[in-house]
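Q: So I've got this file, start_12.pdb, and it contains PDB, C-alpha atoms and all ligand atoms:
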```
ATOM      1  CA  MET A  24     -85.852  74.520 -13.712  1.00  0.00           C
ATOM      2  CA  ASP A  25     -85.406  70.769 -13.389  1.00  0.00           C
ATOM      3  CA  GLU A  26     -85.065  69.906  -9.698  1.00  0.00           C
ATOM      4  CA  ASN A  27     -82.671  67.017 -10.344  1.00  0.00           C
ATOM      5  CA  CYS A  28     -80.425  68.904 -12.748  1.00  0.00           C
ATOM      6  CA  VAL A  29     -76.915  69.842 -11.612  1.00  0.00           C
ATOM      7  CA  PHE A  30     -76.702  72.805 -13.999  1.00  0.00           C
ATOM      8  CA  CYS A  31     -80.110  74.169 -12.925  1.00  0.00           C
ATOM      9  CA  LYS A  32     -78.738  74.041  -9.371  1.00  0.00           C
ATOM     10  CA  ILE A  33     -75.692  76.001 -10.539  1.00  0.00           C
ATOM     11  CA  VAL A  34     -77.987  78.618 -12.138  1.00  0.00           C
ATOM     12  CA  SER A  35     -80.005  78.955  -8.924  1.00  0.00           C
ATOM     13  CA  GLY A  36     -76.884  79.037  -6.724  1.00  0.00           C
ATOM     14  CA  GLN A  37     -77.686  75.796  -4.851  1.00  0.00           C
ATOM     15  CA  ILE A  38     -74.376  74.393  -6.153  1.00  0.00           C
ATOM     16  CA  PRO A  39     -71.354  76.725  -6.305  1.00  0.00           C
ATOM     17  CA  SER A  40     -69.548  77.334  -9.586  1.00  0.00           C
ATOM     18  CA  THR A  41     -66.652  79.401 -10.859  1.00  0.00           C
ATOM     19  CA  LYS A  42     -68.525  81.811 -13.090  1.00  0.00           C
ATOM     20  CA  ILE A  43     -66.729  83.637 -15.880  1.00  0.00           C
ATOM     21  CA  TYR A  44     -69.596  85.196 -17.866  1.00  0.00           C
ATOM     22  CA  GLU A  45     -73.257  85.886 -17.284  1.00  0.00           C
ATOM     23  CA  ASP A  46     -76.009  87.721 -19.110  1.00  0.00           C
ATOM     24  CA  GLU A  47     -79.799  87.604 -18.933  1.00  0.00           C
ATOM     25  CA  ASN A  48     -80.172  84.132 -20.440  1.00  0.00           C
ATOM     26  CA  SER A  49     -76.689  82.591 -20.496  1.00  0.00           C
ATOM     27  CA  LEU A  50     -74.050  81.562 -17.982  1.00  0.00           C
ATOM     28  CA  ALA A  51     -70.462  80.374 -18.423  1.00  0.00           C
ATOM     29  CA  PHE A  52     -68.423  78.709 -15.692  1.00  0.00           C
ATOM     30  CA  LEU A  53     -65.292  76.594 -15.466  1.00  0.00           C
ATOM     31  CA  ASP A  54     -65.584  72.826 -15.846  1.00  0.00           C
ATOM     32  CA  ILE A  55     -64.664  71.013 -12.613  1.00  0.00           C
ATOM     33  CA  ASN A  56     -62.765  68.401 -14.640  1.00  0.00           C
ATOM     34  CA  PRO A  57     -60.965  70.539 -17.204  1.00  0.00           C
ATOM     35  CA  ALA A  58     -59.662  68.798 -20.328  1.00  0.00           C
ATOM     36  CA  THR A  59     -57.144  71.657 -20.631  1.00  0.00           C
ATOM     37  CA  ASN A  60     -56.540  74.838 -18.617  1.00  0.00           C
ATOM     38  CA  GLY A  61     -59.458  77.252 -18.966  1.00  0.00           C
ATOM     39  CA  HIS A  62     -62.027  74.635 -20.115  1.00  0.00           C
ATOM     40  CA  SER A  63     -65.477  76.120 -19.529  1.00  0.00           C
ATOM     41  CA  LEU A  64     -69.139  75.364 -20.113  1.00  0.00           C
ATOM     42  CA  VAL A  65     -71.614  77.815 -21.582  1.00  0.00           C
ATOM     43  CA  ILE A  66     -75.224  77.074 -20.710  1.00  0.00           C
ATOM     44  CA  SER A  67     -78.673  78.467 -21.168  1.00  0.00           C
ATOM     45  CA  LYS A  68     -80.074  79.519 -17.792  1.00  0.00           C
ATOM     46  CA  LYS A  69     -83.339  77.828 -18.732  1.00  0.00           C
ATOM     47  CA  HIS A  70     -83.381  74.051 -18.706  1.00  0.00           C
ATOM     48  CA  TYR A  71     -83.330  72.500 -22.176  1.00  0.00           C
ATOM     49  CA  ALA A  72     -82.037  68.951 -22.466  1.00  0.00           C
ATOM     50  CA  THR A  73     -80.404  69.187 -25.909  1.00  0.00           C
ATOM     51  CA  LEU A  74     -79.733  71.457 -28.855  1.00  0.00           C
ATOM     52  CA  LEU A  75     -83.013  70.334 -30.400  1.00  0.00           C
ATOM     53  CA  ASP A  76     -85.067  71.654 -27.501  1.00  0.00           C
ATOM     54  CA  ILE A  77     -84.064  75.317 -27.299  1.00  0.00           C
ATOM     55  CA  PRO A  78     -86.053  77.900 -29.307  1.00  0.00           C
ATOM     56  CA  GLY A  79     -84.040  79.484 -32.139  1.00  0.00           C
ATOM     57  CA  ALA A  80     -84.031  83.032 -30.743  1.00  0.00           C
ATOM     58  CA  GLU A  81     -82.592  81.795 -27.434  1.00  0.00           C
ATOM     59  CA  LEU A  82     -80.011  79.703 -29.252  1.00  0.00           C
ATOM     60  CA  GLU A  83     -78.850  82.814 -31.117  1.00  0.00           C
ATOM     61  CA  GLU A  84     -78.140  84.535 -27.789  1.00  0.00           C
ATOM     62  CA  LEU A  85     -76.455  81.448 -26.400  1.00  0.00           C
ATOM     63  CA  ILE A  86     -74.108  81.032 -29.358  1.00  0.00           C
ATOM     64  CA  LEU A  87     -73.080  84.691 -29.001  1.00  0.00           C
ATOM     65  CA  ALA A  88     -72.178  83.926 -25.377  1.00  0.00           C
ATOM     66  CA  VAL A  89     -70.132  80.960 -26.650  1.00  0.00           C
ATOM     67  CA  GLN A  90     -68.309  83.255 -29.075  1.00  0.00           C
ATOM     68  CA  LYS A  91     -67.606  85.891 -26.386  1.00  0.00           C
ATOM     69  CA  THR A  92     -66.388  83.305 -23.892  1.00  0.00           C
ATOM     70  CA  GLY A  93     -64.248  81.634 -26.557  1.00  0.00           C
ATOM     71  CA  ALA A  94     -62.606  84.945 -27.491  1.00  0.00           C
ATOM     72  CA  ALA A  95     -61.858  85.838 -23.859  1.00  0.00           C
ATOM     73  CA  THR A  96     -60.562  82.330 -23.162  1.00  0.00           C
ATOM     74  CA  MET A  97     -58.180  82.501 -26.125  1.00  0.00           C
ATOM     75  CA  LYS A  98     -56.728  85.747 -24.775  1.00  0.00           C
ATOM     76  CA  ALA A  99     -56.531  84.604 -21.160  1.00  0.00           C
ATOM     77  CA  THR A 100     -54.964  81.218 -21.853  1.00  0.00           C
ATOM     78  CA  LYS A 101     -52.892  82.274 -24.873  1.00  0.00           C
ATOM     79  CA  ALA A 102     -54.231  79.112 -26.502  1.00  0.00           C
ATOM     80  CA  ASP A 103     -53.375  78.264 -30.095  1.00  0.00           C
ATOM     81  CA  GLY A 104     -57.015  77.369 -30.830  1.00  0.00           C
ATOM     82  CA  PHE A 105     -60.099  75.972 -29.152  1.00  0.00           C
ATOM     83  CA  ASN A 106     -62.762  73.320 -29.644  1.00  0.00           C
ATOM     84  CA  VAL A 107     -66.459  73.939 -29.123  1.00  0.00           C
ATOM     85  CA  LEU A 108     -68.032  70.613 -28.195  1.00  0.00           C
ATOM     86  CA  GLN A 109     -71.697  69.939 -27.606  1.00  0.00           C
ATOM     87  CA  ASN A 110     -73.059  66.484 -26.796  1.00  0.00           C
ATOM     88  CA  ASN A 111     -76.677  65.422 -27.319  1.00  0.00           C
ATOM     89  CA  GLY A 112     -77.866  62.217 -25.690  1.00  0.00           C
ATOM     90  CA  ALA A 113     -76.084  59.743 -23.446  1.00  0.00           C
ATOM     91  CA  VAL A 114     -74.675  57.801 -26.415  1.00  0.00           C
ATOM     92  CA  SER A 115     -72.840  60.940 -27.568  1.00  0.00           C
ATOM     93  CA  GLY A 116     -71.215  61.353 -24.164  1.00  0.00           C
ATOM     94  CA  GLN A 117     -73.755  63.761 -22.663  1.00  0.00           C
ATOM     95  CA  VAL A 118     -73.679  63.233 -18.900  1.00  0.00           C
ATOM     96  CA  ILE A 119     -75.494  66.382 -17.782  1.00  0.00           C
ATOM     97  CA  HIS A 120     -78.780  66.577 -19.636  1.00  0.00           C
ATOM     98  CA  HIS A 121     -78.942  70.360 -19.652  1.00  0.00           C
ATOM     99  CA  LEU A 122     -77.831  71.922 -22.945  1.00  0.00           C
ATOM    100  CA  HIS A 123     -74.232  73.128 -22.760  1.00  0.00           C
ATOM    101  CA  PHE A 124     -71.319  74.013 -24.998  1.00  0.00           C
ATOM    102  CA  HIS A 125     -67.805  73.060 -23.926  1.00  0.00           C
ATOM    103  CA  ILE A 126     -65.073  75.555 -24.725  1.00  0.00           C
ATOM    104  CA  VAL A 127     -61.791  73.647 -24.693  1.00  0.00           C
ATOM    105  CA  PRO A 128     -58.637  75.700 -25.226  1.00  0.00           C
ATOM    106  CA  ARG A 129     -56.068  73.861 -27.368  1.00  0.00           C
ATOM    107  CA  PHE A 130     -52.324  74.121 -27.169  1.00  0.00           C
ATOM    108  CA  LYS A 131     -49.663  72.792 -29.516  1.00  0.00           C
ATOM    109  CA  ASN A 132     -48.646  69.365 -28.158  1.00  0.00           C
ATOM    110  CA  ASP A 133     -51.446  69.280 -25.537  1.00  0.00           C
ATOM    111  CA  SER A 134     -51.914  65.552 -26.395  1.00  0.00           C
ATOM    112  CA  LEU A 135     -55.717  65.733 -26.063  1.00  0.00           C
ATOM    113  CA  ASN A 136     -57.177  63.275 -28.586  1.00  0.00           C
ATOM    114  CA  LEU A 137     -60.543  64.350 -30.000  1.00  0.00           C
ATOM    115  CA  SER A 138     -60.078  62.597 -33.333  1.00  0.00           C
ATOM    116  CA  LEU A 139     -63.335  61.346 -34.879  1.00  0.00           C
ATOM    117  CA  GLY A 140     -61.513  58.508 -36.625  1.00  0.00           C
ATOM    118  CA  GLY A 141     -63.851  58.324 -39.640  1.00  0.00           C
ATOM    119  CA  LYS A 142     -63.306  56.162 -42.700  1.00  0.00           C
ATOM    120  CA  LYS A 143     -63.697  57.258 -46.291  1.00  0.00           C
ATOM    121  CA  ALA A 144     -67.201  56.869 -47.771  1.00  0.00           C
ATOM    122  CA  GLY A 145     -67.942  56.298 -51.448  1.00  0.00           C
ATOM    123  CA  GLN A 146     -70.045  58.738 -53.494  1.00  0.00           C
ATOM    124  CA  ALA A 147     -73.049  56.379 -53.587  1.00  0.00           C
ATOM    125  CA  GLU A 148     -73.116  56.129 -49.808  1.00  0.00           C
ATOM    126  CA  LEU A 149     -72.832  59.901 -49.393  1.00  0.00           C
ATOM    127  CA  ALA A 150     -75.625  60.436 -51.932  1.00  0.00           C
ATOM    128  CA  GLU A 151     -77.895  58.035 -50.060  1.00  0.00           C
ATOM    129  CA  TRP A 152     -77.413  59.887 -46.762  1.00  0.00           C
ATOM    130  CA  GLN A 153     -77.831  63.205 -48.577  1.00  0.00           C
ATOM    131  CA  LYS A 154     -81.231  62.021 -49.847  1.00  0.00           C
ATOM    132  CA  ARG A 155     -82.362  60.675 -46.475  1.00  0.00           C
ATOM    133  CA  ILE A 156     -81.352  63.728 -44.445  1.00  0.00           C
ATOM    134  CA  LYS A 157     -82.543  66.350 -46.944  1.00  0.00           C
ATOM    135  CA  LYS A 158     -86.005  64.788 -46.873  1.00  0.00           C
ATOM    136  CA  HIS A 159     -86.335  65.999 -43.275  1.00  0.00           C
ATOM    137  CA  LEU A 160     -85.059  69.496 -44.032  1.00  0.00           C
ATOM    138  CA  LYS A 161     -87.940  70.582 -46.247  1.00  0.00           C
TER     139      LYS A 161
HETATM  140  P1  LIG B 201     -71.105  66.338 -20.913  1.00  0.00           P
HETATM  141  O1  LIG B 201     -70.364  65.038 -20.926  1.00  0.00           O
HETATM  142  O2  LIG B 201     -72.507  66.216 -20.346  1.00  0.00           O
HETATM  143  O3  LIG B 201     -71.069  67.029 -22.239  1.00  0.00           O
HETATM  144  O4  LIG B 201     -70.260  67.262 -19.964  1.00  0.00           O
HETATM  145  C1  LIG B 201     -70.596  67.568 -18.654  1.00  0.00           C
HETATM  146  C2  LIG B 201     -69.434  68.337 -18.063  1.00  0.00           C
HETATM  147  O5  LIG B 201     -69.882  68.920 -16.854  1.00  0.00           O
HETATM  148  C3  LIG B 201     -68.223  67.475 -17.720  1.00  0.00           C
HETATM  149  O6  LIG B 201     -67.083  67.948 -18.418  1.00  0.00           O
HETATM  150  C4  LIG B 201     -68.086  67.621 -16.191  1.00  0.00           C
HETATM  151  O7  LIG B 201     -66.742  67.709 -15.769  1.00  0.00           O
HETATM  152  C5  LIG B 201     -68.844  68.900 -15.918  1.00  0.00           C
HETATM  153  N1  LIG B 201     -69.499  68.939 -14.617  1.00  0.00           N
HETATM  154  C6  LIG B 201     -70.272  67.961 -14.047  1.00  0.00           C
HETATM  155  N2  LIG B 201     -70.730  68.348 -12.850  1.00  0.00           N
HETATM  156  C7  LIG B 201     -70.243  69.608 -12.647  1.00  0.00           C
HETATM  157  C8  LIG B 201     -70.363  70.535 -11.566  1.00  0.00           C
HETATM  158  O8  LIG B 201     -71.026  70.312 -10.557  1.00  0.00           O
HETATM  159  N3  LIG B 201     -69.712  71.728 -11.720  1.00  0.00           N
HETATM  160  C9  LIG B 201     -68.974  72.028 -12.837  1.00  0.00           C
HETATM  161  N4  LIG B 201     -68.371  73.232 -12.869  1.00  0.00           N
HETATM  162  N5  LIG B 201     -68.848  71.174 -13.857  1.00  0.00           N
HETATM  163  C10 LIG B 201     -69.474  69.980 -13.775  1.00  0.00           C
HETATM  164 ZN    ZN B 202     -81.115  71.967 -15.982  1.00  0.00          ZN
END
```
Written as C-alpha cells, that's how I'd like the structure from this file.
Ligand code: 5GP
Ligand code: ZN

A:
Amino acid sequence: MDENCVFCKIVSGQIPSTKIYEDENSLAFLDINPATNGHSLVISKKHYATLLDIPGAELEELILAVQKTGAATMKATKADGFNVLQNNGAVSGQVIHHLHFHIVPRFKNDSLNLSLGGKKAGQAELAEWQKRIKKHLK
C-alpha cells in the first residue's frame, strides 16, 4: 500500500468507490469521470505503479478480471464495443500512478475521439525500430 495513493485508499476503504467486481487480487469500480456510461477501472489490489512493475502471474489474473468486467459491461450497457486503455507514466496521460485498466464502452456515434493520429512510416524506418526494440526482447 502506498499511503498517498488514491487507488490504494479505495482498496482499503478509506475512499468510497462504486465497486462492480472484486476477487482476491483485483478490484473493478466505476470511474468518477466516465468517458461514456459504464466506464470502469480495473486495478490490482496491490500497489504497482505501471504495467512494467507487476509480476507476470499477477498480471494474468488481472487481465482475466479485465475480460470479465468488459464482458459484463458490454451486456449491461448494450455497447457496440469497448476500449481497454492503460496509461504508463505522466506523459502518457497517467494521473493515478497505480496500475489500472480503463474499460470504456463505445456506442455508435458516441463522438469520443481516441484517434492516435499516426502518419505513415516507410519500410526503412520500421526496420530500424524493429532492430532497436527486438534487441531488448532477447
Ligand atoms: P489515468 O489518467 O491515470 O489513466 O486515469 C485515472 C482515472 O481515475 C481517471 O479517469 C479519473 O476520472 C479516475 N479517478 C481519479 N480519482 C478517482 C476516485 O477517487 N474515484 C474513482 N472512482 N475514480 C477516480
Ligand atoms: Zn496504490

Q: Counting all atoms listed in the file, which residue out of A:Met24, A:Leu149, A:Leu75, A:Ile66 sits closest to Gly112 (chain A)?

A: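 Nearest to Gly112 (chain A): A:Leu75.
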
Q: Using all atoms listed in the file, which residue out of A:Ala88, A:Val127, A:Val114, A:Ala144 lies closest to Thr100 (chain A)?

A: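 The closest residue to Thr100 (chain A) is A:Val127.
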
Q: Which of these residues is nearest to ligand LIG 201 (chain B), using all atoms listed in the file: A:Gln90, A:Ser49, A:Thr59, A:Gln109?

A: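 Once distances to ligand LIG 201 (chain B) are computed over all atoms listed in the file, the minimum belongs to A:Gln109.
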
Q: Could you write out as a VMD selection string the residues that the PyMOL selection byres (((chain A and resi 107) around 9) and not hetatm) matches in the shown file?

A: chain A and resid 89 93 105 to 106 108 to 109 124 to 128

Q: First collect every listed atom of ligand LIG 201 (chain B); then fit an axis-aligned box around them, widen it by 3 Å on each side, and give centre and edge lengths in Å to one decimal, as JSON.

A:
```
{"center_x": -69.6, "center_y": 69.1, "center_z": -16.4, "size_x": 11.8, "size_y": 14.2, "size_z": 17.7}
```

Q: Which is closest to ligand ZN 202 (chain B) among A:Ile156, A:Lys69, A:His62, A:Ser115, if we use only C-alpha atoms and all ligand atoms?

A: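 So, comparing all the options, the nearest one is A:Lys69.
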
Q: I need the residue nearest Val34 (chain A) from this list: A:Leu82, A:His121, A:Ile77, A:Gly140. Use only C-alpha atoms for the distance.

A: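 Comparing A:Leu82, A:His121, A:Ile77, A:Gly140 against Val34 (chain A), the winner is A:His121.
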
Q: Quick one: distance from atom P1 of ligand LIG 201 (chain B) to CA of Lys32 (chain A) in Å, one decimal?

A: 15.8 Å

Q: Could you expand the PyMOL selection byres (((not hetatm)) within 6 of (chain B and resi 202)) into the explicit residues it covers here, written as JSON, numbers by chain?

A: {"A": [24, 25, 28, 30, 31, 70, 121]}

Q: Reconstruct N, CA and C atoms of region 44-70 of chain A from the incomplete input and present them as a PDB file, keeping the file's coordinate frame.

A:
```pdb
ATOM      1  N   TYR A  44     -68.770  84.283 -17.052  1.00  0.00           N
ATOM      2  CA  TYR A  44     -69.596  85.196 -17.866  1.00  0.00           C
ATOM      3  C   TYR A  44     -71.071  84.949 -17.547  1.00  0.00           C
ATOM      4  N   GLU A  45     -71.825  86.030 -17.538  1.00  0.00           N
ATOM      5  CA  GLU A  45     -73.257  85.886 -17.284  1.00  0.00           C
ATOM      6  C   GLU A  45     -73.993  87.013 -17.989  1.00  0.00           C
ATOM      7  N   ASP A  46     -75.080  86.695 -18.643  1.00  0.00           N
ATOM      8  CA  ASP A  46     -76.009  87.721 -19.110  1.00  0.00           C
ATOM      9  C   ASP A  46     -77.420  87.246 -18.780  1.00  0.00           C
ATOM     10  N   GLU A  47     -78.416  87.898 -19.359  1.00  0.00           N
ATOM     11  CA  GLU A  47     -79.799  87.604 -18.933  1.00  0.00           C
ATOM     12  C   GLU A  47     -80.150  86.116 -19.058  1.00  0.00           C
ATOM     13  N   ASN A  48     -79.734  85.510 -20.161  1.00  0.00           N
ATOM     14  CA  ASN A  48     -80.172  84.132 -20.440  1.00  0.00           C
ATOM     15  C   ASN A  48     -79.063  83.087 -20.447  1.00  0.00           C
ATOM     16  N   SER A  49     -77.814  83.533 -20.359  1.00  0.00           N
ATOM     17  CA  SER A  49     -76.689  82.591 -20.496  1.00  0.00           C
ATOM     18  C   SER A  49     -75.739  82.697 -19.316  1.00  0.00           C
ATOM     19  N   LEU A  50     -75.031  81.599 -19.070  1.00  0.00           N
ATOM     20  CA  LEU A  50     -74.050  81.562 -17.982  1.00  0.00           C
ATOM     21  C   LEU A  50     -72.867  80.716 -18.441  1.00  0.00           C
ATOM     22  N   ALA A  51     -71.660  81.175 -18.137  1.00  0.00           N
ATOM     23  CA  ALA A  51     -70.462  80.374 -18.423  1.00  0.00           C
ATOM     24  C   ALA A  51     -69.672  80.210 -17.133  1.00  0.00           C
ATOM     25  N   PHE A  52     -69.206  78.999 -16.903  1.00  0.00           N
ATOM     26  CA  PHE A  52     -68.423  78.709 -15.692  1.00  0.00           C
ATOM     27  C   PHE A  52     -67.395  77.650 -16.034  1.00  0.00           C
ATOM     28  N   LEU A  53     -66.379  77.535 -15.187  1.00  0.00           N
ATOM     29  CA  LEU A  53     -65.292  76.594 -15.466  1.00  0.00           C
ATOM     30  C   LEU A  53     -65.720  75.164 -15.168  1.00  0.00           C
ATOM     31  N   ASP A  54     -65.297  74.256 -16.041  1.00  0.00           N
ATOM     32  CA  ASP A  54     -65.584  72.826 -15.846  1.00  0.00           C
ATOM     33  C   ASP A  54     -64.768  72.308 -14.653  1.00  0.00           C
ATOM     34  N   ILE A  55     -65.402  71.517 -13.792  1.00  0.00           N
ATOM     35  CA  ILE A  55     -64.664  71.013 -12.613  1.00  0.00           C
ATOM     36  C   ILE A  55     -63.641  69.930 -12.974  1.00  0.00           C
ATOM     37  N   ASN A  56     -63.755  69.384 -14.173  1.00  0.00           N
ATOM     38  CA  ASN A  56     -62.765  68.401 -14.640  1.00  0.00           C
ATOM     39  C   ASN A  56     -62.189  68.887 -15.970  1.00  0.00           C
ATOM     40  N   PRO A  57     -61.385  69.926 -15.931  1.00  0.00           N
ATOM     41  CA  PRO A  57     -60.965  70.539 -17.204  1.00  0.00           C
ATOM     42  C   PRO A  57     -60.108  69.617 -18.073  1.00  0.00           C
ATOM     43  N   ALA A  58     -60.463  69.570 -19.365  1.00  0.00           N
ATOM     44  CA  ALA A  58     -59.662  68.798 -20.328  1.00  0.00           C
ATOM     45  C   ALA A  58     -58.334  69.507 -20.577  1.00  0.00           C
ATOM     46  N   THR A  59     -58.364  70.834 -20.568  1.00  0.00           N
ATOM     47  CA  THR A  59     -57.144  71.657 -20.631  1.00  0.00           C
ATOM     48  C   THR A  59     -57.402  72.880 -19.740  1.00  0.00           C
ATOM     49  N   ASN A  60     -56.373  73.657 -19.467  1.00  0.00           N
ATOM     50  CA  ASN A  60     -56.540  74.838 -18.617  1.00  0.00           C
ATOM     51  C   ASN A  60     -57.520  75.822 -19.250  1.00  0.00           C
ATOM     52  N   GLY A  61     -58.510  76.253 -18.482  1.00  0.00           N
ATOM     53  CA  GLY A  61     -59.458  77.252 -18.966  1.00  0.00           C
ATOM     54  C   GLY A  61     -60.720  76.660 -19.582  1.00  0.00           C
ATOM     55  N   HIS A  62     -60.839  75.324 -19.579  1.00  0.00           N
ATOM     56  CA  HIS A  62     -62.027  74.635 -20.115  1.00  0.00           C
ATOM     57  C   HIS A  62     -63.282  75.124 -19.380  1.00  0.00           C
ATOM     58  N   SER A  63     -64.244  75.616 -20.145  1.00  0.00           N
ATOM     59  CA  SER A  63     -65.477  76.120 -19.529  1.00  0.00           C
ATOM     60  C   SER A  63     -66.714  75.547 -20.212  1.00  0.00           C
ATOM     61  N   LEU A  64     -67.843  75.807 -19.597  1.00  0.00           N
ATOM     62  CA  LEU A  64     -69.139  75.364 -20.113  1.00  0.00           C
ATOM     63  C   LEU A  64     -70.034  76.584 -20.238  1.00  0.00           C
ATOM     64  N   VAL A  65     -70.684  76.708 -21.376  1.00  0.00           N
ATOM     65  CA  VAL A  65     -71.614  77.815 -21.582  1.00  0.00           C
ATOM     66  C   VAL A  65     -73.012  77.214 -21.661  1.00  0.00           C
ATOM     67  N   ILE A  66     -73.884  77.681 -20.788  1.00  0.00           N
ATOM     68  CA  ILE A  66     -75.224  77.074 -20.710  1.00  0.00           C
ATOM     69  C   ILE A  66     -76.312  78.135 -20.840  1.00  0.00           C
ATOM     70  N   SER A  67     -77.463  77.656 -21.226  1.00  0.00           N
ATOM     71  CA  SER A  67     -78.673  78.467 -21.168  1.00  0.00           C
ATOM     72  C   SER A  67     -79.157  78.418 -19.710  1.00  0.00           C
ATOM     73  N   LYS A  68     -79.592  79.550 -19.185  1.00  0.00           N
ATOM     74  CA  LYS A  68     -80.074  79.519 -17.792  1.00  0.00           C
ATOM     75  C   LYS A  68     -81.344  78.691 -17.668  1.00  0.00           C
ATOM     76  N   LYS A  69     -82.129  78.671 -18.750  1.00  0.00           N
ATOM     77  CA  LYS A  69     -83.339  77.828 -18.732  1.00  0.00           C
ATOM     78  C   LYS A  69     -82.950  76.396 -19.045  1.00  0.00           C
ATOM     79  N   HIS A  70     -83.689  75.469 -18.482  1.00  0.00           N
ATOM     80  CA  HIS A  70     -83.381  74.051 -18.706  1.00  0.00           C
ATOM     81  C   HIS A  70     -83.906  73.575 -20.054  1.00  0.00           C
TER      82      HIS A  70
END
```
